[in-house]
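structure.pdb follows (PDB, C-alpha atoms):
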ATOM      1  CA  MET N  35      22.541 127.018  24.248
ATOM      2  CA  ARG N  36      23.485 127.566  27.873
ATOM      3  CA  ASN N  37      21.264 127.183  30.939
ATOM      4  CA  GLN N  38      18.850 124.822  29.247
ATOM      5  CA  HIS N  39      16.993 122.288  31.360
ATOM      6  CA  THR N  40      18.299 118.720  31.327
ATOM      7  CA  MET N  41      14.927 117.402  30.184
ATOM      8  CA  CYS N  42      15.276 119.575  27.070
ATOM      9  CA  VAL N  43      18.918 119.110  26.110
ATOM     10  CA  ALA N  44      19.441 115.453  27.107
ATOM     11  CA  THR N  45      16.206 113.788  25.970
ATOM     12  CA  ARG N  46      16.801 111.602  22.899
ATOM     13  CA  LYS N  47      20.556 112.099  23.227
ATOM     14  CA  VAL N  48      23.065 109.481  24.283
ATOM     15  CA  SER N  49      26.848 109.294  24.325
ATOM     16  CA  GLY N  50      28.575 107.000  21.884
ATOM     17  CA  ARG N  51      30.562 105.686  24.850
ATOM     18  CA  LEU N  52      27.499 104.523  26.787
ATOM     19  CA  TYR N  53      27.607 100.829  27.641
ATOM     20  CA  ALA N  54      24.692 100.508  30.088
ATOM     21  CA  SER N  55      22.619 102.775  32.311
ATOM     22  CA  GLY N  56      19.627 102.881  34.615
ATOM     23  CA  MET N  57      18.502 101.697  38.029
ATOM     24  CA  THR N  58      17.054  98.556  39.543
ATOM     25  CA  THR N  59      14.862  98.334  42.632
ATOM     26  CA  TRP N  60      17.831  97.101  44.628
ATOM     27  CA  MET N  61      20.035  99.987  43.488
ATOM     28  CA  ARG N  62      17.386 102.510  44.540
ATOM     29  CA  TYR N  63      17.002 100.792  47.896
ATOM     30  CA  GLN N  64      20.775 100.696  48.419
ATOM     31  CA  LEU N  65      21.360 104.348  47.550
ATOM     32  CA  LEU N  66      18.494 105.461  49.764
ATOM     33  CA  LEU N  67      19.798 103.312  52.615
ATOM     34  CA  LEU N  68      23.327 104.701  52.240
ATOM     35  CA  HIS N  69      22.127 108.311  52.298
ATOM     36  CA  ASN N  70      19.887 107.830  55.328
ATOM     37  CA  ARG N  71      22.573 105.887  57.161
ATOM     38  CA  HIS N  72      25.053 108.737  56.698
ATOM     39  CA  ARG N  73      22.457 111.352  57.626
ATOM     40  CA  ASP N  74      21.612 109.337  60.738
ATOM     41  CA  ASN N  75      25.291 109.373  61.712
ATOM     42  CA  VAL N  76      25.405 113.142  61.164
ATOM     43  CA  ALA N  77      22.288 113.620  63.314
ATOM     44  CA  MET N  78      23.779 111.556  66.142
ATOM     45  CA  GLY N  79      27.007 113.566  66.058
ATOM     46  CA  LEU N  80      29.154 110.674  64.820
ATOM     47  CA  ASP N  81      30.906 112.810  62.209
ATOM     48  CA  PRO N  82      34.288 113.783  63.736
ATOM     49  CA  GLY N  83      34.431 117.473  64.594
ATOM     50  CA  GLN N  84      30.771 118.155  63.763
ATOM     51  CA  PRO N  85      27.853 118.681  66.199
ATOM     52  CA  PRO N  86      24.699 116.480  66.241
ATOM     53  CA  ALA N  87      21.641 117.611  64.258
ATOM     54  CA  ALA N  88      18.259 118.422  65.793
ATOM     55  CA  ASN N  89      16.228 118.673  62.557
ATOM     56  CA  MET N  90      17.729 116.143  60.120
ATOM     57  CA  ARG N  91      15.001 114.767  57.848
ATOM     58  CA  LYS N  92      14.818 111.271  56.449
ATOM     59  CA  MET N  93      15.183 111.017  52.670
ATOM     60  CA  TYR N  94      12.689 109.388  50.276
ATOM     61  CA  TRP N  95      13.102 108.333  46.676
ATOM     62  CA  ASP N  96      11.893 110.646  43.915
ATOM     63  CA  TYR N  97      11.353 109.252  40.408
ATOM     64  CA  GLU N  98      11.324 112.647  38.698
ATOM     65  CA  LEU N  99      14.788 113.369  40.107
ATOM     66  CA  GLU N 100      15.889 109.892  39.025
ATOM     67  CA  GLU N 101      14.685 110.495  35.471
ATOM     68  CA  MET N 102      16.744 113.675  35.181
ATOM     69  CA  ALA N 103      19.790 111.954  36.674
ATOM     70  CA  GLU N 104      19.326 109.096  34.188
ATOM     71  CA  LEU N 105      19.164 111.398  31.173
ATOM     72  CA  TRP N 106      22.301 113.219  32.258
ATOM     73  CA  ALA N 107      24.265 110.095  33.233
ATOM     74  CA  ARG N 108      23.748 108.740  29.700
ATOM     75  CA  GLN N 109      25.817 111.631  28.347
ATOM     76  CA  CYS N 110      28.969 110.170  29.982
ATOM     77  CA  GLN N 111      30.281 113.623  30.920
ATOM     78  CA  LYS N 112      32.304 114.441  34.007
ATOM     79  CA  ARG N 113      30.439 117.631  34.831
ATOM     80  CA  HIS N 114      27.124 118.767  36.285
ATOM     81  CA  ASP N 115      24.169 119.644  34.109
ATOM     82  CA  GLU N 116      23.193 123.309  34.000
ATOM     83  CA  CYS N 117      19.521 123.287  35.013
ATOM     84  CA  ARG N 118      17.476 120.567  36.725
ATOM     85  CA  ASN N 119      14.926 122.432  38.854
ATOM     86  CA  THR N 120      11.338 121.181  39.063
ATOM     87  CA  PHE N 121       8.004 122.936  39.636
ATOM     88  CA  ARG N 122       8.114 121.662  43.239
ATOM     89  CA  PHE N 123      11.566 122.837  44.284
ATOM     90  CA  ASN N 124      15.110 123.707  43.241
ATOM     91  CA  VAL N 125      17.464 120.775  42.832
ATOM     92  CA  LEU N 126      21.152 120.203  43.604
ATOM     93  CA  GLN N 127      23.322 117.458  42.157
ATOM     94  CA  ASN N 128      26.232 115.310  43.313
ATOM     95  CA  MET N 129      28.376 113.315  40.907
ATOM     96  CA  ASP N 130      30.963 110.588  41.187
ATOM     97  CA  VAL N 131      33.134 109.313  38.329
ATOM     98  CA  ARG N 132      35.476 106.397  38.923
ATOM     99  CA  PRO N 133      36.976 103.504  36.957
ATOM    100  CA  VAL N 134      35.492 100.047  37.339
ATOM    101  CA  VAL N 135      38.435  97.913  38.383
ATOM    102  CA  ALA N 136      38.729  94.141  38.418
ATOM    103  CA  LYS N 137      36.492  92.340  40.952
ATOM    104  CA  MET N 138      34.624  95.555  41.826
ATOM    105  CA  THR N 139      30.943  94.952  42.571
ATOM    106  CA  GLN N 140      27.915  97.174  42.056
ATOM    107  CA  ALA N 141      27.503  97.446  45.829
ATOM    108  CA  GLN N 142      31.046  98.808  46.124
ATOM    109  CA  LEU N 143      30.484 101.339  43.347
ATOM    110  CA  LEU N 144      27.427 102.793  45.074
ATOM    111  CA  ALA N 145      28.938 102.771  48.558
ATOM    112  CA  ASP N 146      32.171 104.408  47.384
ATOM    113  CA  ALA N 147      30.250 107.193  45.641
ATOM    114  CA  VAL N 148      28.080 108.088  48.657
ATOM    115  CA  ASP N 149      31.010 107.712  51.061
ATOM    116  CA  ALA N 150      33.033 110.143  48.932
ATOM    117  CA  TRP N 151      30.289 112.769  49.118
ATOM    118  CA  PHE N 152      29.850 112.527  52.877
ATOM    119  CA  SER N 153      33.615 112.552  53.425
ATOM    120  CA  GLY N 154      33.432 116.268  52.681
ATOM    121  CA  SER N 155      32.575 116.837  56.347
ATOM    122  CA  ARG N 156      36.297 116.412  57.075
ATOM    123  CA  VAL N 157      37.202 119.595  55.186
ATOM    124  CA  LEU N 158      34.139 121.612  56.238
ATOM    125  CA  PRO N 159      34.803 124.207  58.985
ATOM    126  CA  GLN N 160      32.377 123.719  61.864
ATOM    127  CA  GLU N 161      31.169 127.322  61.661
ATOM    128  CA  ASN N 162      29.786 126.554  58.193
ATOM    129  CA  ILE N 163      27.235 124.257  59.833
ATOM    130  CA  TRP N 164      25.472 127.315  61.259
ATOM    131  CA  SER N 165      26.137 129.611  58.288
ATOM    132  CA  PHE N 166      26.922 127.913  54.988
ATOM    133  CA  LYS N 167      29.479 129.605  52.745
ATOM    134  CA  LEU N 168      30.054 128.843  49.102
ATOM    135  CA  THR N 169      33.732 128.328  48.326
ATOM    136  CA  ASN N 170      35.832 128.050  45.190
ATOM    137  CA  CYS N 171      36.047 124.441  44.048
ATOM    138  CA  SER N 172      39.647 125.033  42.999
ATOM    139  CA  ALA N 173      40.588 125.724  46.633
ATOM    140  CA  SER N 174      41.860 123.098  49.064
ATOM    141  CA  GLY N 175      39.331 120.297  49.413
ATOM    142  CA  GLY N 176      37.741 121.033  46.028
ATOM    143  CA  CYS N 177      33.951 120.620  45.915
ATOM    144  CA  ASN N 178      33.848 117.887  48.569
ATOM    145  CA  SER N 179      32.368 120.212  51.171
ATOM    146  CA  HIS N 180      29.662 121.301  48.700
ATOM    147  CA  TRP N 181      28.784 117.677  47.917
ATOM    148  CA  TYR N 182      28.631 116.906  51.634
ATOM    149  CA  SER N 183      26.353 119.848  52.426
ATOM    150  CA  ALA N 184      24.086 119.006  49.472
ATOM    151  CA  ALA N 185      23.604 115.442  50.755
ATOM    152  CA  ALA N 186      23.452 116.398  54.452
ATOM    153  CA  TRP N 187      21.237 119.505  54.195
ATOM    154  CA  ALA N 188      18.634 118.963  56.900
ATOM    155  CA  SER N 189      15.560 120.192  54.993
ATOM    156  CA  THR N 190      16.380 118.159  51.862
ATOM    157  CA  TRP N 191      14.222 115.038  51.870
ATOM    158  CA  ARG N 192      13.953 113.885  48.246
ATOM    159  CA  VAL N 193      16.667 112.065  46.288
ATOM    160  CA  GLY N 194      16.809 110.459  42.857
ATOM    161  CA  CYS N 195      19.918 108.925  41.321
ATOM    162  CA  SER N 196      21.130 107.020  38.306
ATOM    163  CA  GLN N 197      24.332 105.425  37.102
ATOM    164  CA  ALA N 198      25.865 104.868  33.675
ATOM    165  CA  LEU N 199      28.735 102.613  32.641
ATOM    166  CA  CYS N 200      30.751 104.150  29.814
ATOM    167  CA  THR N 201      33.733 103.018  27.795
ATOM    168  CA  LEU N 202      36.777 105.261  27.464
ATOM    169  CA  ARG N 203      36.217 105.600  23.742
ATOM    170  CA  ALA N 204      33.175 105.455  21.518
ATOM    171  CA  ARG N 205      32.023 102.120  20.188
ATOM    172  CA  SER N 206      31.564 101.622  16.461
ATOM    173  CA  CYS N 207      28.222  99.860  16.948
ATOM    174  CA  ALA N 208      25.075 101.103  18.697
ATOM    175  CA  VAL N 209      24.236  97.646  20.029
ATOM    176  CA  PHE N 210      25.998  98.436  23.298
ATOM    177  CA  ARG N 211      23.870 101.476  24.110
ATOM    178  CA  LYS N 212      21.223  99.607  26.031
ATOM    179  CA  ARG N 213      19.278 100.261  29.198
ATOM    180  CA  ARG N 214      20.053  98.589  32.482
ATOM    181  CA  ARG N 215      16.692  99.388  34.040
ATOM    182  CA  SER N 216      14.491  96.577  35.325
ATOM    183  CA  ASP N 217      11.258  98.561  34.979
ATOM    184  CA  THR N 218       9.636 100.549  32.183
ATOM    185  CA  ARG N 219       8.729 103.670  34.138
ATOM    186  CA  PHE N 220      10.902 105.944  32.024
ATOM    187  CA  GLN N 221      11.446 103.971  28.825
ATOM    188  CA  GLN N 222      12.901 106.086  26.035
ATOM    189  CA  SER N 223      12.210 105.655  22.338
ATOM    190  CA  SER N 224      13.648 102.576  20.696
ATOM    191  CA  GLU N 225      15.828 104.687  18.404
ATOM    192  CA  ASN N 226      18.130 105.433  21.342
ATOM    193  CA  VAL N 227      18.059 101.965  22.876
ATOM    194  CA  THR N 228      18.998  98.775  21.094
ATOM    195  CA  ARG N 229      17.585  95.691  22.820
ATOM    196  CA  THR N 230      18.998  92.229  22.315
ATOM    197  CA  THR N 231      17.921  88.893  23.707
ATOM    198  CA  LEU N 232      21.437  87.586  24.271
ATOM    199  CA  ARG N 233      22.661  90.487  26.395
ATOM    200  CA  GLU N 234      19.380  91.934  27.600
ATOM    201  CA  ASN N 235      20.060  91.233  31.265
ATOM    202  CA  LEU N 236      23.436  92.839  31.738
ATOM    203  CA  LEU N 237      22.425  93.331  35.345
ATOM    204  CA  ARG N 238      22.637  89.653  36.090
ATOM    205  CA  ARG N 239      26.396  89.813  35.849
ATOM    206  CA  THR N 240      26.462  91.039  39.438
ATOM    207  CA  LYS N 241      23.389  89.091  40.569
ATOM    208  CA  TYR N 242      21.876  91.946  42.551
ATOM    209  CA  MET N 243      18.353  91.928  41.104
ATOM    210  CA  THR N 244      15.512  90.962  43.395
ATOM    211  CA  GLU N 245      11.881  90.140  42.829
ATOM    212  CA  ALA N 246      10.612  92.761  45.244
ATOM    213  CA  SER N 247       7.957  94.883  43.594
ATOM    214  CA  GLU N 248       7.906  98.641  43.852
ATOM    215  CA  SER N 249       5.345 100.278  46.059
ATOM    216  CA  LYS N 250       2.829 102.612  44.485
ATOM    217  CA  GLN N 251       2.714 104.831  47.575
ATOM    218  CA  ASP N 252       4.024 108.397  47.571
ATOM    219  CA  PHE N 253       7.044 107.135  49.483
ATOM    220  CA  ASN N 254       8.358 103.885  48.068
ATOM    221  CA  ASP N 255       8.041 101.043  50.516
ATOM    222  CA  PHE N 256      11.501  99.535  50.720
ATOM    223  CA  SER N 257      10.757  98.196  54.195
ATOM    224  CA  THR N 258      10.063  94.735  52.812
ATOM    225  CA  MET N 259      13.578  94.520  51.435
ATOM    226  CA  SER N 260      16.727  93.716  53.361
ATOM    227  CA  SER N 261      20.401  93.366  52.611
ATOM    228  CA  THR N 262      20.064  89.625  53.178
ATOM    229  CA  ALA N 263      17.644  89.434  50.248
ATOM    230  CA  VAL N 264      20.426  90.479  47.875
ATOM    231  CA  PRO N 265      22.597  87.576  46.691
ATOM    232  CA  PRO N 266      26.348  87.936  47.200
ATOM    233  CA  LEU N 267      28.249  89.605  44.368
ATOM    234  CA  HIS N 268      30.948  87.286  43.134
ATOM    235  CA  ARG N 269      32.071  88.851  39.887
ATOM    236  CA  GLY N 270      33.184  92.365  39.089
ATOM    237  CA  VAL N 271      31.840  94.356  36.151
ATOM    238  CA  LEU N 272      35.206  94.588  34.452
ATOM    239  CA  GLU N 273      35.812  90.837  34.672
ATOM    240  CA  PHE N 274      32.496  90.163  32.947
ATOM    241  CA  THR N 275      33.156  92.835  30.338
ATOM    242  CA  ARG N 276      36.560  91.468  29.426
ATOM    243  CA  ARG N 277      35.298  87.895  29.172
ATOM    244  CA  VAL N 278      32.183  88.609  27.111
ATOM    245  CA  LEU N 279      32.900  91.757  25.138
ATOM    246  CA  GLY N 280      36.635  92.262  25.368
ATOM    247  CA  GLU N 281      36.239  95.888  26.447
ATOM    248  CA  PRO N 282      39.354  96.860  28.461
ATOM    249  CA  LYS N 283      38.183  99.867  30.519
ATOM    250  CA  ILE N 284      34.821 101.030  31.916
ATOM    251  CA  MET N 285      34.021 104.212  33.865
ATOM    252  CA  ALA N 286      31.065 104.478  36.252
ATOM    253  CA  TYR N 287      29.194 107.800  36.241
ATOM    254  CA  THR N 288      26.908 108.158  39.288
ATOM    255  CA  PHE N 289      24.645 111.199  39.644
ATOM    256  CA  CYS N 290      22.244 112.009  42.506
ATOM    257  CA  ASN N 291      19.741 114.883  42.506
ATOM    258  CA  TYR N 292      18.474 116.394  45.770
ATOM    259  CA  GLY N 293      15.442 118.527  46.563
ATOM    260  CA  PRO N 294      14.495 120.895  48.004
ATOM    261  CA  ALA N 295      18.004 122.167  47.303
ATOM    262  CA  GLY N 296      20.332 123.288  50.051
ATOM    263  CA  ASN N 297      23.719 125.024  49.862
ATOM    264  CA  ILE N 298      22.089 128.418  50.451
ATOM    265  CA  GLU N 299      24.578 131.109  51.413
ATOM    266  CA  GLY N 300      24.202 132.180  55.039
ATOM    267  CA  PHE N 301      21.710 129.438  55.970
ATOM    268  CA  PRO N 302      22.542 126.569  58.357
ATOM    269  CA  ILE N 303      23.200 123.092  56.956
ATOM    270  CA  TYR N 304      21.299 121.835  60.005
ATOM    271  CA  MET N 305      20.373 123.003  63.490
ATOM    272  CA  SER N 306      22.682 121.602  66.132
ATOM    273  CA  GLY N 307      21.185 119.990  69.183
ATOM    274  CA  LYS N 308      19.660 116.779  70.499
ATOM    275  CA  PRO N 309      18.566 114.510  67.611
ATOM    276  CA  CYS N 310      14.886 114.939  66.658
ATOM    277  CA  SER N 311      14.418 117.759  69.165
ATOM    278  CA  ARG N 312      13.462 120.248  66.420
ATOM    279  CA  CYS N 313      11.740 118.166  63.753
ATOM    280  CA  PRO N 314       9.820 120.203  61.125
ATOM    281  CA  PRO N 315       5.993 120.221  61.301
ATOM    282  CA  GLY N 316       4.460 117.024  59.966
ATOM    283  CA  THR N 317       7.493 114.922  60.878
ATOM    284  CA  ARG N 318       8.558 113.021  63.960
ATOM    285  CA  CYS N 319      11.095 110.446  65.114
ATOM    286  CA  GLY N 320      10.103 106.810  64.996
ATOM    287  CA  ASP N 321      12.002 105.074  62.228
ATOM    288  CA  ARG N 322      13.133 101.648  63.417
ATOM    289  CA  THR N 323      16.418 101.833  61.527
ATOM    290  CA  HIS N 324      17.290 105.544  61.487
ATOM    291  CA  ARG N 325      16.252 106.666  64.935
ATOM    292  CA  ALA N 326      17.786 110.162  64.725
ATOM    293  CA  LEU N 327      15.960 111.209  61.542
ATOM    294  CA  CYS N 328      12.668 113.095  61.315
ATOM    295  CA  THR N 329      10.230 110.981  59.293
ATOM    296  CA  VAL N 330       6.915 111.872  57.661
ATOM    297  CA  GLN N 331       3.682 110.804  59.336
ATOM    298  CA  ASN N 332       2.840 108.124  56.747
ATOM    299  CA  ASP N 333       6.333 106.688  56.539
ATOM    300  CA  PRO N 334       6.026 103.040  55.398
ATOM    301  CA  ASP N 335       9.004 102.001  57.552
ATOM    302  CA  ILE N 336       7.279 102.884  60.824
TER     303      ILE N 336
END
Mind converting the file's structure to structure tokens?
Amino acid sequence: MRNQHTMCVATRKVSGRLYASGMTTWMRYQLLLLHNRHRDNVAMGLDPGQPPAANMRKMYWDYELEEMAELWARQCQKRHDECRNTFRFNVLQNMDVRPVVAKMTQAQLLADAVDAWFSGSRVLPQENIWSFKLTNCSASGGCNSHWYSAAAWASTWRVGCSQALCTLRARSCAVFRKRRRSDTRFQQSSENVTRTTLRENLLRRTKYMTEASESKQDFNDFSTMSSTAVPPLHRGVLEFTRRVLGEPKIMAYTFCNYGPAGNIEGFPIYMSGKPCSRCPPGTRCGDRTHRALCTVQNDPDI
């Protein structure tokens, strides 16, 4: 049935090609950092051919958006879900599907996905900054400009993402359909997830887990974490997979949900002008890392 919400159609369903899925604290921190770093560059006018932004908001992690992204990523489908809106706001989605090649690290997978979305600024006409126009994805540039505007929409300030690793063909055994998550916030029923003691910590293959605990504030406090706290990544996912399981090819499906949704026909992606000169009510500049973004009053990073 078409136009059903992701929470209805994807709950208790999982692709037979799913190898691992879910997020760790470090992955959330990294994706949030990548988005805010790109938005900071947009606000400062560092995107070639695009003006600086006067009202660009800082993004914060949203676990409800992550849960929906997780459910959809586990389907291992190269397409967007049909409905993901919440009671709070409408939601847009970006996706990235790419093969996991030899010696590729988790950090590279995440950075390449976010970089690909923000690269859409190169094919976006400057006049669309002041008046967004929906275009046909089959036209030149595809949907890149839509993915860029979804991630760079000034009034969007919530993001939740997830990633799934899927084989190119279905496995004959359900033992590989396990979770990659380090917490139990959104644990699904055990009938969909087979846990083993030998391969429980698939995440440790890239050594990016940290012991930093998640904040219980409305806005997750990632300020205590730093890139130096993450050990270097020495082995790629594919190398580990070939050595341990003999699986020849893995695809990474990365989905990010954004709210409140942008990409509204005729509305500006952002207001051009001096950074932070037109911050929305209840926000102000002051972030120590992203100085051109409008942050909330109780931002834990300030």
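Taking atom CA of N:Gly320 and atom CA of N:Tyr292 as endpoints, the distance between them is 23.1 Å.
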Translate the PyMOL selection byres ((chain N and resi 145-148) around 12), as applied to the file shown, into an explicit residue set as an MDAnalysis selection string.
chainID N and resid 61 64:73 128:134 138:144 149:154 178 181:182 184:186 195:197 286:290
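Of the residues listed (N:His39, N:Gly83, N:Lys47, N:Tyr94), N:Gly83 shows the shortest atom-to-atom separation from N:Glu161; distances use only C-alpha atoms.
Among the candidate residues N:Leu199, N:Val157, N:Cys313, N:Pro85, the one lying nearest to N:Ser55 is N:Leu199, with distances computed using only C-alpha atoms.
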Given the PyMOL selection byres ((chain N and resi 188) around 9), the residues it picks as a PyMOL selection string:
chain N and resi 73+87-92+183+185-187+189-191+296+302-305
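Coordinates place atom CA of N:Leu80 at a distance of 26.0 Å from atom CA of N:Gly316.
Here the PyMOL selection byres ((chain N and resi 165-167) around 8) matches the residues Glu161, Asn162, Ile163, Trp164, Leu168, Thr169, Asn297, Ile298, Glu299, Gly300, Phe301, Pro302 and Ile303 of chain N.
In this model, the gap between atom CA of N:Arg156 and atom CA of N:Val76 comes to 12.1 Å.
The neighbours of N:Glu104 here are the residues that come within 7 Å of it, using all atoms listed in the file and leaving out any residue fewer than 3 positions away in the same chain; they are Gly56, Glu100, Glu101, Ala107, Arg108, Ser196 and Gln197 of chain N.
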At a cut-off of 6 Å from (18.2, 107.1, 60.3) in the coordinates of the file, what residues are picked up using only C-alpha atoms, written as a ChimeraX atom specification?
/N:70-71,74,323-327
